[in-house]
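Participant: So here's start-v2.csv (CSV, C-alpha atoms and all ligand atoms).
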chain,number,residue,atom,x,y,z
Z,27,MET,CA,119.9,88.0,68.5
Z,28,SER,CA,118.9,89.7,71.7
Z,29,GLY,CA,121.5,90.2,74.5
Z,30,ALA,CA,119.0,89.4,77.2
Z,31,PRO,CA,119.7,86.1,79.1
Z,32,ALA,CA,117.1,83.4,78.6
Z,33,ALA,CA,114.7,83.1,81.6
Z,34,ILE,CA,115.3,80.3,84.1
Z,35,TRP,CA,111.9,79.8,85.6
Z,36,VAL,CA,112.0,77.7,88.9
Z,37,ALA,CA,108.9,76.5,90.6
Z,38,ALA,CA,108.9,77.8,94.2
Z,39,CYS,CA,105.6,77.0,96.0
Z,40,ALA,CA,101.9,77.2,95.6
Z,41,ALA,CA,100.4,80.7,95.4
Z,42,ASP,CA,98.1,79.7,98.3
Z,43,ASP,CA,101.2,79.1,100.5
Z,44,VAL,CA,101.9,82.8,100.8
Z,45,GLU,CA,99.2,84.7,102.6
Z,46,ARG,CA,98.4,88.2,101.6
Z,47,GLU,CA,100.8,90.7,103.2
Z,48,ASP,CA,103.2,88.0,104.1
Z,49,VAL,CA,106.5,86.3,103.1
Z,50,VAL,CA,107.8,82.8,102.8
Z,51,ARG,CA,111.3,81.4,102.4
Z,52,PHE,CA,112.3,79.5,99.4
Z,53,ASP,CA,115.7,77.6,99.1
Z,54,HIS,CA,117.1,76.5,95.8
Z,55,ASP,CA,120.5,75.3,94.7
Z,56,GLY,CA,122.2,76.5,97.9
Z,57,ARG,CA,120.7,80.0,97.9
Z,58,THR,CA,117.8,81.5,99.8
Z,59,TYR,CA,115.0,83.6,98.4
Z,60,ALA,CA,112.0,85.4,99.8
Z,61,ILE,CA,108.6,85.4,98.1
Z,62,TYR,CA,106.0,88.0,99.0
Z,63,HIS,CA,102.3,88.4,98.5
Z,64,SER,CA,101.3,92.1,98.5
Z,65,PRO,CA,98.1,93.6,99.9
Z,66,ASP,CA,96.9,94.3,96.3
Z,67,ASP,CA,97.3,90.5,95.4
Z,68,ALA,CA,100.6,90.6,93.5
Z,69,TYR,CA,103.6,88.4,94.1
Z,70,TYR,CA,107.3,89.4,94.3
Z,71,ALA,CA,110.6,87.7,94.9
Z,72,THR,CA,113.9,88.9,96.4
Z,73,ASP,CA,117.1,87.5,97.7
Z,74,GLY,CA,116.3,85.9,101.0
Z,75,LEU,CA,119.1,87.3,103.1
Z,76,CYS,CA,119.3,90.9,104.3
Z,77,THR,CA,122.1,93.0,102.7
Z,78,HIS,CA,123.2,94.2,106.1
Z,79,GLU,CA,124.2,91.0,108.1
Z,80,GLU,CA,122.4,88.2,106.2
Z,81,ALA,CA,119.4,87.6,108.4
Z,82,HIS,CA,116.6,85.6,106.8
Z,83,LEU,CA,114.1,88.2,105.6
Z,84,ALA,CA,111.3,85.6,105.6
Z,85,GLU,CA,111.5,85.7,109.4
Z,86,GLY,CA,110.8,89.5,109.2
Z,87,PHE,CA,107.7,91.5,109.1
Z,88,VAL,CA,105.7,92.5,106.0
Z,89,SER,CA,103.8,95.8,106.2
Z,90,GLY,CA,102.2,97.0,103.0
Z,91,THR,CA,105.0,96.8,100.4
Z,92,ILE,CA,107.8,96.9,103.0
Z,93,ILE,CA,109.8,94.0,104.4
Z,94,GLU,CA,111.3,94.7,107.8
Z,95,CYS,CA,114.4,92.7,108.7
Z,96,PRO,CA,114.1,90.7,111.9
Z,97,LYS,CA,117.6,91.4,113.1
Z,98,HIS,CA,118.1,95.2,113.2
Z,99,ASN,CA,114.8,96.3,111.6
Z,100,GLY,CA,116.2,97.5,108.3
Z,101,ARG,CA,113.5,98.0,105.7
Z,102,PHE,CA,113.3,97.3,102.0
Z,103,ASP,CA,110.6,97.9,99.4
Z,104,TYR,CA,110.2,94.2,98.2
Z,105,ARG,CA,108.8,95.3,94.9
Z,106,THR,CA,111.9,97.2,93.8
Z,107,GLY,CA,114.5,95.9,96.3
Z,108,GLU,CA,115.2,99.5,97.4
Z,109,ALA,CA,116.8,99.9,100.8
Z,110,LYS,CA,114.5,102.2,102.8
Z,111,GLY,CA,115.9,102.6,106.2
Z,112,ALA,CA,119.1,102.3,108.4
Z,113,PRO,CA,121.0,100.2,108.9
Z,114,VAL,CA,120.5,98.8,105.4
Z,115,CYS,CA,122.0,100.8,102.6
Z,116,VAL,CA,122.5,98.2,99.9
Z,117,ASN,CA,119.4,97.3,97.8
Z,118,LEU,CA,118.1,93.8,97.6
Z,119,LYS,CA,118.2,91.8,94.4
Z,120,ILE,CA,114.8,91.2,93.0
Z,121,TYR,CA,113.5,88.5,90.6
Z,122,PRO,CA,110.6,88.3,88.1
Z,123,VAL,CA,107.7,86.2,89.2
Z,124,LYS,CA,104.9,84.5,87.3
Z,125,ILE,CA,101.9,82.4,88.4
Z,126,GLU,CA,101.0,79.3,86.4
Z,127,ALA,CA,98.3,76.8,87.4
Z,128,GLY,CA,98.4,78.1,91.0
Z,129,ARG,CA,102.1,77.8,91.4
Z,130,ILE,CA,104.7,80.6,91.8
Z,131,PHE,CA,107.7,80.6,89.5
Z,132,ILE,CA,110.6,82.9,89.9
Z,133,ASP,CA,113.1,83.7,87.1
Z,134,LEU,CA,116.7,83.1,88.4
Z,135,ALA,CA,118.4,84.0,85.2
Z,201,LIG,S1,120.7,92.0,109.3
Z,201,LIG,FE1,119.0,93.1,108.4
Z,201,LIG,S2,119.1,95.0,109.3
Z,201,LIG,FE2,120.9,94.0,110.1
What do you get writing this file as structure tokens?
Ligand code: FES

Facilitator:
Amino acid sequence: MSGAPAAIWVAACAADDVEREDVVRFDHDGRTYAIYHSPDDAYYATDGLCTHEEAHLAEGFVSGTIIECPKHNGRFDYRTGEAKGAPVCVNLKIYPVKIEAGRIFIDLA
């Protein structure tokens, strides 16, 4: 048996709901996530709250593959979750994404 946890795919929204180089908020089971559409037409998902002071990242600004927090302008690479600029120093959690029949699913396992 493999030690990897089974995937828990959750339907988030329609792929069309997320414009290219933009982000939308997705709430599920008391938690908040952020779903991104990159300039090269790929989709990504991260925790929805900044690791600095828990601002909603979906209210921030997407530039290329960077999400800039709306509160103090901390930056993350939303593909990897890597913290890219002060004051953020803790990486964001990221989640696998798949598209099926025009809908975005994220794996919350
Ligand atoms: S809350 Fe995001 S940078 Fe401070």

Participant: List as number ranges by chain the protein and nucleic acid residues near Z:Asp133, meaning an atom at most 10 Å away when all atoms listed in the file are counted, but skip any in the same chain fewer than 6 places from it.

Facilitator: Z: 32-37, 71, 120-124

Participant: Report as a ChimeraX atom specification which protein, DNA and RNA residues come within 12 Å of ligand LIG 201 (chain Z), using all atoms listed in the file.

Facilitator: /Z:74-87,93-102,109-118

Participant: Hey, which of Z:Ala135, Z:Ala30, Z:Ala127, Z:Val88 ends up closest to Z:Arg46? Count all atoms listed in the file.

Facilitator: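 Smallest distance to Z:Arg46 is found for Z:Val88.
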
Participant: Could you jot down the atom CA of Z:Ser64 to atom CA of Z:Ala38 separation for me, Å, one decimal place?

Facilitator: 16.8 Å

Participant: For stretch 62-77 of chain Z, take all atoms listed in the file, fit an axis-aligned box around them, add 8 Å to each of the six sides, then output centre and edge lengths in Å rounded to one decimal, as lines of an AutoDock Vina configuration file.

Facilitator:
center_x = 109.5
center_y = 90.1
center_z = 98.9
size_x = 41.2
size_y = 24.4
size_z = 26.8

Participant: Which one is closest to Z:Asp42: Z:Gly107, Z:Asp73, Z:Asp66, Z:Arg129? Count all atoms listed in the file.

Facilitator: Z:Arg129

Participant: Can you measure atom CA of Z:Val49 to atom CA of Z:Ile125 for me? One decimal in Å is fine.

Facilitator: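 Computing the Euclidean distance for atom CA of Z:Val49 and atom CA of Z:Ile125 yields 15.9 Å.
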
Participant: Of the candidates Z:Gly90, Z:His54, Z:Lys119, Z:Arg105, which one gets nearest to Z:Tyr69 if we count all atoms listed in the file?

Facilitator: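 Among the listed residues, the smallest separation from Z:Tyr69 belongs to Z:Arg105.
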
Participant: Between atom CA of Z:Ala41 and atom CA of Z:Gly128, what is the distance in Å, rounded to a tenth?

Facilitator: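 Straight-line distance from atom CA of Z:Ala41 to atom CA of Z:Gly128 works out to 5.5 Å.
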
Participant: Nearest residue to Z:Glu47 out of Z:Pro31, Z:Asp103, Z:Leu134, Z:Ser89, using only C-alpha atoms?

Facilitator: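 Looking only at the distances to Z:Glu47, the closest residue turns out to be Z:Ser89.
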
Participant: Give the answer as one residue: which of Z:Thr72, Z:Tyr104, Z:Ile132, Z:Cys39 has the shortest atom-to-atom distance to Z:Thr58, using all atoms listed in the file?

Facilitator: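 Closest candidate: Z:Thr72.
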